[in-house]
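Pasted below: my_file12.csv, CSV, C-alpha atoms.
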chain,number,residue,atom,x,y,z
A,3,MET,CA,127.2,30.8,-10.2
A,4,THR,CA,124.3,32.3,-12.0
A,5,GLY,CA,124.4,32.0,-15.8
A,6,ILE,CA,127.3,30.3,-17.6
A,7,LEU,CA,127.5,33.6,-19.5
A,8,GLU,CA,126.9,37.0,-17.9
A,9,VAL,CA,127.1,40.2,-19.9
A,10,ARG,CA,126.8,43.4,-18.0
A,11,ASP,CA,126.2,46.9,-19.4
A,12,LEU,CA,128.2,46.1,-22.5
A,13,GLU,CA,129.0,48.9,-24.9
A,14,LYS,CA,131.2,49.2,-28.0
A,15,THR,CA,131.9,52.4,-29.9
A,16,PHE,CA,134.0,53.1,-33.0
A,17,GLY,CA,134.8,56.8,-32.8
A,18,SER,CA,131.4,58.5,-32.7
A,19,VAL,CA,129.5,55.4,-33.9
A,20,VAL,CA,127.8,53.4,-31.1
A,21,ALA,CA,127.7,49.7,-32.3
A,22,ALA,CA,126.4,48.2,-29.1
A,23,ARG,CA,125.0,49.8,-25.9
A,24,ASP,CA,123.4,48.9,-22.6
A,25,ILE,CA,123.5,45.1,-23.2
A,26,SER,CA,122.9,43.0,-20.1
A,27,VAL,CA,122.2,39.3,-20.6
A,28,SER,CA,122.4,36.2,-18.5
A,29,VAL,CA,122.5,32.8,-20.2
A,30,PRO,CA,122.0,29.6,-18.2
A,31,ALA,CA,124.0,26.5,-19.0
A,32,GLN,CA,122.7,24.3,-21.9
A,33,GLN,CA,120.2,26.9,-23.1
A,34,THR,CA,119.9,27.6,-26.9
A,35,VAL,CA,119.6,31.3,-27.6
A,36,GLY,CA,118.7,32.7,-31.0
A,37,ILE,CA,120.0,36.2,-31.9
A,38,ILE,CA,118.0,38.2,-34.5
A,39,GLY,CA,118.1,41.6,-35.9
A,40,ALA,CA,118.5,43.4,-39.2
A,41,ASN,CA,122.0,44.0,-40.7
A,42,GLY,CA,123.8,46.6,-38.6
A,43,ALA,CA,121.8,45.9,-35.5
A,44,GLY,CA,124.8,44.9,-33.4
A,45,LYS,CA,124.6,41.1,-33.5
A,46,THR,CA,128.0,40.5,-34.8
A,47,THR,CA,129.6,43.2,-32.6
A,48,PHE,CA,128.0,41.4,-29.6
A,49,VAL,CA,129.4,38.0,-30.7
A,50,ASN,CA,132.8,39.5,-31.5
A,51,MET,CA,133.1,40.9,-28.0
A,52,ILE,CA,132.1,37.6,-26.3
A,53,THR,CA,134.7,35.7,-28.4
A,54,GLY,CA,137.5,38.2,-28.0
A,55,HIS,CA,137.6,39.5,-31.5
A,56,LEU,CA,136.6,43.0,-30.2
A,57,SER,CA,137.3,44.6,-26.9
A,58,PRO,CA,134.3,46.3,-25.3
A,59,THR,CA,134.5,50.0,-24.7
A,60,LYS,CA,132.5,49.6,-21.5
A,61,GLY,CA,131.0,46.8,-19.4
A,62,ALA,CA,131.9,43.2,-18.4
A,63,ILE,CA,131.7,39.7,-19.8
A,64,LEU,CA,131.8,36.8,-17.3
A,65,PHE,CA,132.1,33.1,-18.4
A,66,GLU,CA,131.6,30.6,-15.6
A,67,ASP,CA,132.1,33.5,-13.1
A,68,ARG,CA,135.4,34.4,-14.6
A,69,ASP,CA,135.9,37.9,-16.0
A,70,ILE,CA,137.0,37.5,-19.7
A,71,THR,CA,136.4,41.1,-20.8
A,72,GLY,CA,139.0,42.0,-23.4
A,73,LEU,CA,140.9,38.7,-23.3
A,74,PRO,CA,142.4,37.6,-26.7
A,75,SER,CA,140.3,35.2,-28.7
A,76,ARG,CA,142.8,32.4,-28.3
A,77,ASP,CA,142.6,32.6,-24.5
A,78,ILE,CA,138.9,32.7,-24.6
A,79,THR,CA,138.8,29.6,-26.8
A,80,ARG,CA,141.0,27.7,-24.3
A,81,LEU,CA,138.7,28.7,-21.5
A,82,GLY,CA,135.8,26.9,-23.2
A,83,ILE,CA,134.1,29.3,-25.7
A,84,SER,CA,134.1,28.4,-29.4
A,85,ARG,CA,132.7,29.9,-32.5
A,86,SER,CA,131.8,29.0,-36.1
A,87,PHE,CA,131.6,31.6,-38.9
A,88,GLN,CA,129.0,32.4,-41.6
A,89,VAL,CA,131.5,31.1,-44.2
A,90,ALA,CA,132.8,27.7,-43.3
A,91,GLN,CA,136.4,27.9,-42.0
A,92,VAL,CA,137.9,24.6,-43.2
A,93,PHE,CA,141.2,23.5,-44.8
A,94,PRO,CA,140.0,22.8,-48.4
A,95,THR,CA,142.9,20.6,-49.5
A,96,MET,CA,142.8,18.4,-46.4
A,97,THR,CA,140.4,15.5,-45.8
A,98,VAL,CA,137.5,15.7,-43.4
A,99,VAL,CA,139.2,13.7,-40.7
A,100,GLU,CA,142.5,15.7,-41.1
A,101,ASN,CA,140.4,18.9,-40.6
A,102,MET,CA,138.9,17.5,-37.4
A,103,ARG,CA,142.3,16.5,-36.0
A,104,ILE,CA,143.9,19.9,-36.7
A,105,ALA,CA,140.9,21.7,-35.1
A,106,ALA,CA,141.3,19.6,-32.0
A,107,ALA,CA,145.1,20.3,-31.9
A,108,ILE,CA,144.4,24.1,-32.2
A,109,ALA,CA,141.7,24.0,-29.5
A,110,LYS,CA,143.9,22.1,-27.1
A,111,GLY,CA,146.8,24.5,-27.6
A,112,ARG,CA,149.0,21.9,-29.4
A,113,ALA,CA,149.4,23.9,-32.6
A,114,GLY,CA,152.0,26.4,-31.3
A,115,ILE,CA,154.9,24.0,-31.9
A,116,VAL,CA,154.8,22.2,-35.2
A,117,SER,CA,156.3,19.0,-33.9
A,118,GLN,CA,153.8,18.8,-31.1
A,119,MET,CA,150.9,19.3,-33.5
A,120,PHE,CA,152.0,16.5,-35.8
A,121,GLN,CA,152.5,14.2,-32.8
A,122,TRP,CA,148.9,15.0,-31.7
A,123,LEU,CA,147.5,14.4,-35.2
A,124,ASP,CA,148.9,10.8,-35.1
A,125,ALA,CA,147.9,10.1,-31.5
A,126,PRO,CA,145.2,7.5,-30.7
A,127,GLU,CA,143.4,10.1,-28.6
A,128,ALA,CA,143.1,12.4,-31.6
A,129,ALA,CA,141.8,9.6,-33.8
A,130,ALA,CA,139.2,8.6,-31.3
A,131,GLU,CA,138.0,12.1,-30.7
A,132,SER,CA,137.7,12.8,-34.4
A,133,GLU,CA,135.8,9.7,-35.2
A,134,THR,CA,133.3,10.4,-32.4
A,135,ALA,CA,132.7,13.9,-33.7
A,136,LEU,CA,132.2,12.7,-37.2
A,137,GLU,CA,129.7,10.2,-36.1
A,138,LEU,CA,127.9,12.7,-33.9
A,139,PHE,CA,127.5,15.2,-36.8
A,140,GLN,CA,126.6,12.4,-39.3
A,141,ILE,CA,129.5,13.1,-41.6
A,142,ALA,CA,131.6,9.9,-41.0
A,143,ARG,CA,131.1,8.6,-44.5
A,144,TYR,CA,132.9,11.7,-45.8
A,145,ARG,CA,136.0,11.2,-43.6
A,146,ASP,CA,138.4,10.6,-46.4
A,147,ALA,CA,137.0,13.3,-48.8
A,148,ARG,CA,138.8,16.5,-49.3
A,149,ALA,CA,136.9,19.5,-47.8
A,150,ALA,CA,136.9,21.3,-51.1
A,151,THR,CA,134.8,18.6,-52.7
A,152,LEU,CA,132.1,18.6,-50.0
A,153,PRO,CA,128.5,19.8,-50.6
A,154,GLN,CA,127.8,23.1,-48.9
A,155,GLY,CA,125.7,21.5,-46.2
A,156,ILE,CA,128.3,18.9,-45.3
A,157,ARG,CA,131.0,21.6,-45.3
A,158,LYS,CA,128.9,23.5,-42.7
A,159,LEU,CA,128.5,20.4,-40.6
A,160,LEU,CA,132.3,19.9,-40.7
A,161,ASP,CA,132.9,23.5,-39.7
A,162,ILE,CA,130.6,23.3,-36.7
A,163,ALA,CA,132.1,19.9,-35.8
A,164,MET,CA,135.5,21.5,-35.8
A,165,ALA,CA,134.3,24.3,-33.6
A,166,VAL,CA,133.2,21.6,-31.1
A,167,ALA,CA,136.6,19.7,-31.3
A,168,GLY,CA,138.0,21.4,-28.2
A,169,ALA,CA,134.9,20.4,-26.1
A,170,PRO,CA,133.7,23.9,-25.5
A,171,ARG,CA,130.9,24.6,-22.9
A,172,LEU,CA,129.7,27.6,-25.0
A,173,LEU,CA,129.4,27.8,-28.7
A,174,LEU,CA,128.4,30.8,-30.9
A,175,LEU,CA,127.2,30.0,-34.4
A,176,ASP,CA,127.1,32.8,-37.0
A,177,GLU,CA,124.2,32.1,-39.4
A,178,PRO,CA,124.5,28.3,-39.5
A,179,THR,CA,122.0,28.0,-42.3
A,180,SER,CA,123.5,30.7,-44.5
A,181,GLY,CA,124.0,29.5,-48.1
A,182,ILE,CA,122.0,26.3,-47.4
A,183,SER,CA,118.9,25.5,-49.5
A,184,ILE,CA,115.4,25.7,-47.9
A,185,GLU,CA,115.1,21.9,-48.4
A,186,GLU,CA,118.4,21.2,-46.5
A,187,LYS,CA,118.5,23.8,-43.7
A,188,TYR,CA,116.0,22.2,-41.3
A,189,GLY,CA,117.8,18.8,-41.6
A,190,LEU,CA,121.1,20.5,-41.0
A,191,MET,CA,119.8,22.3,-37.9
A,192,GLU,CA,118.3,19.1,-36.6
A,193,VAL,CA,121.7,17.4,-36.8
A,194,VAL,CA,123.6,20.3,-35.3
A,195,MET,CA,121.2,20.9,-32.4
A,196,SER,CA,121.0,17.2,-31.6
A,197,ALA,CA,124.8,16.9,-31.5
A,198,LEU,CA,125.2,20.0,-29.3
A,199,LYS,CA,122.5,18.8,-26.9
A,200,THR,CA,124.2,15.5,-26.7
A,201,ARG,CA,127.4,17.3,-25.7
A,202,LYS,CA,125.4,19.6,-23.3
A,203,ILE,CA,126.8,22.7,-25.0
A,204,THR,CA,125.2,26.1,-24.4
A,205,VAL,CA,124.5,27.7,-27.8
A,206,LEU,CA,124.0,31.3,-29.1
A,207,PHE,CA,123.2,31.4,-32.8
A,208,VAL,CA,122.7,34.4,-35.1
A,209,GLU,CA,120.0,33.7,-37.6
A,210,HIS,CA,118.0,35.7,-40.2
A,211,ASP,CA,115.4,32.9,-40.8
A,212,MET,CA,112.6,33.5,-38.3
A,213,ASP,CA,111.2,30.0,-38.8
A,214,ILE,CA,114.5,28.4,-37.9
A,215,VAL,CA,114.7,30.7,-34.8
A,216,GLY,CA,111.2,29.8,-33.7
A,217,ARG,CA,111.8,26.1,-34.1
A,218,PHE,CA,115.3,25.6,-32.5
A,219,ALA,CA,115.7,28.4,-29.9
A,220,ASP,CA,114.7,28.2,-26.3
A,221,ARG,CA,115.0,32.0,-26.1
A,222,VAL,CA,115.5,34.9,-28.5
A,223,LEU,CA,117.4,38.1,-28.2
A,224,ALA,CA,116.2,40.7,-30.7
A,225,PHE,CA,118.8,43.4,-31.5
A,226,TYR,CA,118.0,46.9,-32.9
A,227,ASP,CA,120.3,49.9,-33.1
A,228,GLY,CA,123.0,48.3,-31.0
A,229,THR,CA,120.8,47.2,-28.1
A,230,VAL,CA,118.5,44.3,-27.1
A,231,ILE,CA,114.8,45.3,-27.6
A,232,ALA,CA,113.3,42.0,-26.6
A,233,ASP,CA,114.5,39.0,-24.6
A,234,GLU,CA,111.9,36.2,-24.2
A,235,LYS,CA,110.8,32.8,-25.5
A,236,PRO,CA,110.5,32.6,-29.3
A,237,ASP,CA,106.8,32.9,-29.6
A,238,ALA,CA,106.7,36.0,-27.4
A,239,VAL,CA,109.6,37.8,-29.3
A,240,LEU,CA,108.4,36.9,-32.8
A,241,SER,CA,104.9,38.1,-32.0
A,242,ASN,CA,106.1,41.3,-30.3
A,243,PRO,CA,104.7,44.3,-32.3
A,244,LYS,CA,108.0,46.2,-31.9
A,245,VAL,CA,110.0,43.3,-33.2
A,246,GLN,CA,107.7,42.8,-36.1
A,247,THR,CA,107.9,46.4,-37.1
A,248,LEU,CA,111.6,46.9,-36.7
A,249,ILE,CA,113.0,43.5,-37.5
A,250,SER,CA,110.7,40.7,-38.8
A,251,GLY,CA,109.0,42.8,-41.4
A,252,THR,CA,112.4,43.3,-43.2
A,253,GLN,CA,113.8,39.8,-42.8
A,254,ARG,CA,111.1,37.2,-42.5
A,255,ALA,CA,113.0,34.8,-44.7
A,256,HIS,CA,116.6,36.0,-45.1
A,257,LEU,CA,118.5,39.2,-45.4
A,258,GLY,CA,122.0,39.9,-46.8
A,259,ALA,CA,125.3,38.8,-45.2
A,260,VAL,CA,126.9,42.0,-43.9
A,261,ASP,CA,126.5,42.9,-40.3
A,262,VAL,CA,128.2,44.8,-37.5
Show me this structure written as structure tokens.
Amino acid sequence: MTGILEVRDLEKTFGSVVAARDISVSVPAQQTVGIIGANGAGKTTFVNMITGHLSPTKGAILFEDRDITGLPSRDITRLGISRSFQVAQVFPTMTVVENMRIAAAIAKGRAGIVSQMFQWLDAPEAAAESETALELFQIARYRDARAATLPQGIRKLLDIAMAVAGAPRLLLLDEPTSGISIEEKYGLMEVVMSALKTRKITVLFVEHDMDIVGRFADRVLAFYDGTVIADEKPDAVLSNPKVQTLISGTQRAHLGAVDV
């Protein structure tokens, strides 16, 4: 096996619009990869193809040497790839611990039959797994709070903890610091990255904040016009004149939320 994730000659078109082209990337296990690029550069299209939300027009995606190209997202999740979204995907009327148990049930394929899901929610295994995750992401003191009442940063941590509930080997994070204040975002990322390293999870994260990317990524993929224009260590990518001209100059701090 080479990388835990192998992307080969990936392309995605929507009619005459080319959203992604000529993308070939190999990601070793336990590496943390930052993904940067202006809105419309192809970052989200790339993530959506890996996670099964879009089927590539051309190319191949291999996860742990298995071809997962075009598989439905639910099958990809069960194989060990998980994802969090820019807007936290939590159940607002449920408590934090209930959210964790439901996420674990879904990830383990126990949510298809309602009776099986409720049996799992009450199982000792579910309780133990949920408590471990809450401690790992430092949100255990909120366990009985309803998700709707949580501060934004805590809600983000819950969302990412839920994405890890099924014990994935690869996790994709979509702008984990979006909507978080400057004062909170570094603390949030410290908690998240520490937890993911403890679990030995390979991470790809989309981020507009170049300082966050430089601090937390082992490697950076810079997207422009649907393709990767730089793939190196953070210092090399962020100091690359082409990247500075095409990307960094327009998003040094943070751009808007819409992407393809």
I'd like the interatomic distance between CA of Gly216 (chain A) and CA of Gly39 (chain A), to a tenth of an Å. 13.8 Å
I'd like to know which of A:Val92, A:Val193, A:Val27, A:Val35 is closest to Ala62 (chain A), using only C-alpha atoms. A:Val27
I'd like the interatomic distance between CA of Val49 (chain A) and CA of Glu137 (chain A), to a tenth of an Å.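 Separating CA of Val49 (chain A) from CA of Glu137 (chain A) is a distance of 28.3 Å.
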Option closest in space to Gly82 (chain A), from A:Ile6, A:Ile63, A:Leu206, A:Ala238 [counting only C-alpha atoms]: A:Ile6
For Thr53 (chain A), which residue among A:Asn41, A:Asn101, A:Ser84, A:Thr34 is the nearest when counting all atoms listed in the file?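 Of all the options, A:Ser84 lies closest to Thr53 (chain A).
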Since the input lacks atoms, please generate N, CA and C atoms for region 156-188 of chain A and provide them as a compact mmCIF listing (two decimals), keeping the file's coordinate frame.
# COMPACT_ATOMS: atom_id res chain seq x y z
N ILE A 156 127.31 19.75 -46.00
CA ILE A 156 128.30 18.90 -45.30
C ILE A 156 129.47 19.73 -44.84
N ARG A 157 129.88 20.69 -45.66
CA ARG A 157 131.00 21.60 -45.30
C ARG A 157 130.60 22.38 -44.01
N LYS A 158 129.34 22.81 -43.94
CA LYS A 158 128.90 23.50 -42.70
C LYS A 158 128.92 22.62 -41.52
N LEU A 159 128.48 21.38 -41.68
CA LEU A 159 128.50 20.40 -40.60
C LEU A 159 129.95 20.20 -40.11
N LEU A 160 130.87 20.08 -41.06
CA LEU A 160 132.30 19.90 -40.70
C LEU A 160 132.79 21.13 -39.94
N ASP A 161 132.46 22.31 -40.40
CA ASP A 161 132.90 23.50 -39.70
C ASP A 161 132.41 23.59 -38.29
N ILE A 162 131.16 23.24 -38.07
CA ILE A 162 130.60 23.30 -36.70
C ILE A 162 131.22 22.16 -35.87
N ALA A 163 131.42 20.98 -36.48
CA ALA A 163 132.10 19.90 -35.80
C ALA A 163 133.48 20.30 -35.33
N MET A 164 134.18 21.03 -36.18
CA MET A 164 135.50 21.50 -35.80
C MET A 164 135.48 22.50 -34.69
N ALA A 165 134.43 23.32 -34.65
CA ALA A 165 134.30 24.30 -33.60
C ALA A 165 134.04 23.60 -32.22
N VAL A 166 133.54 22.36 -32.28
CA VAL A 166 133.20 21.60 -31.10
C VAL A 166 134.41 20.71 -30.67
N ALA A 167 135.45 20.65 -31.50
CA ALA A 167 136.60 19.70 -31.30
C ALA A 167 137.27 19.91 -29.95
N GLY A 168 137.29 21.13 -29.45
CA GLY A 168 138.00 21.40 -28.20
C GLY A 168 137.08 21.22 -26.97
N ALA A 169 135.90 20.60 -27.15
CA ALA A 169 134.90 20.40 -26.10
C ALA A 169 134.55 21.68 -25.36
N PRO A 170 134.07 22.68 -26.10
CA PRO A 170 133.70 23.90 -25.50
C PRO A 170 132.39 23.75 -24.64
N ARG A 171 132.19 24.63 -23.67
CA ARG A 171 130.90 24.60 -22.90
C ARG A 171 129.95 25.65 -23.53
N LEU A 172 130.48 26.61 -24.30
CA LEU A 172 129.70 27.60 -25.00
C LEU A 172 130.08 27.73 -26.42
N LEU A 173 129.09 27.67 -27.31
CA LEU A 173 129.40 27.80 -28.70
C LEU A 173 128.51 28.85 -29.36
N LEU A 174 129.15 29.70 -30.17
CA LEU A 174 128.40 30.80 -30.90
C LEU A 174 128.47 30.43 -32.38
N LEU A 175 127.29 30.37 -32.98
CA LEU A 175 127.20 30.00 -34.40
C LEU A 175 126.70 31.28 -35.15
N ASP A 176 127.42 31.63 -36.21
CA ASP A 176 127.10 32.80 -37.00
C ASP A 176 126.33 32.32 -38.27
N GLU A 177 125.02 32.49 -38.27
CA GLU A 177 124.20 32.10 -39.40
C GLU A 177 124.47 30.70 -39.91
N PRO A 178 124.20 29.69 -39.10
CA PRO A 178 124.50 28.30 -39.50
C PRO A 178 123.84 27.83 -40.76
N THR A 179 122.70 28.43 -41.13
CA THR A 179 122.00 28.00 -42.30
C THR A 179 122.27 28.87 -43.55
N SER A 180 123.17 29.83 -43.41
CA SER A 180 123.50 30.70 -44.50
C SER A 180 124.04 29.93 -45.72
N GLY A 181 123.50 30.17 -46.90
CA GLY A 181 124.00 29.50 -48.10
C GLY A 181 123.42 28.09 -48.28
N ILE A 182 122.56 27.65 -47.37
CA ILE A 182 122.00 26.30 -47.40
C ILE A 182 120.56 26.43 -48.04
N SER A 183 120.20 25.50 -48.89
CA SER A 183 118.90 25.50 -49.50
C SER A 183 117.78 25.35 -48.49
N ILE A 184 116.60 25.83 -48.82
CA ILE A 184 115.40 25.70 -47.90
C ILE A 184 115.19 24.22 -47.62
N GLU A 185 115.39 23.35 -48.60
CA GLU A 185 115.10 21.90 -48.40
C GLU A 185 116.11 21.30 -47.43
N GLU A 186 117.33 21.84 -47.33
CA GLU A 186 118.40 21.20 -46.50
C GLU A 186 118.51 21.85 -45.11
N LYS A 187 118.10 23.12 -44.95
CA LYS A 187 118.50 23.80 -43.70
C LYS A 187 117.85 23.23 -42.46
N TYR A 188 116.61 22.73 -42.54
CA TYR A 188 116.00 22.20 -41.30
C TYR A 188 116.70 20.85 -40.93
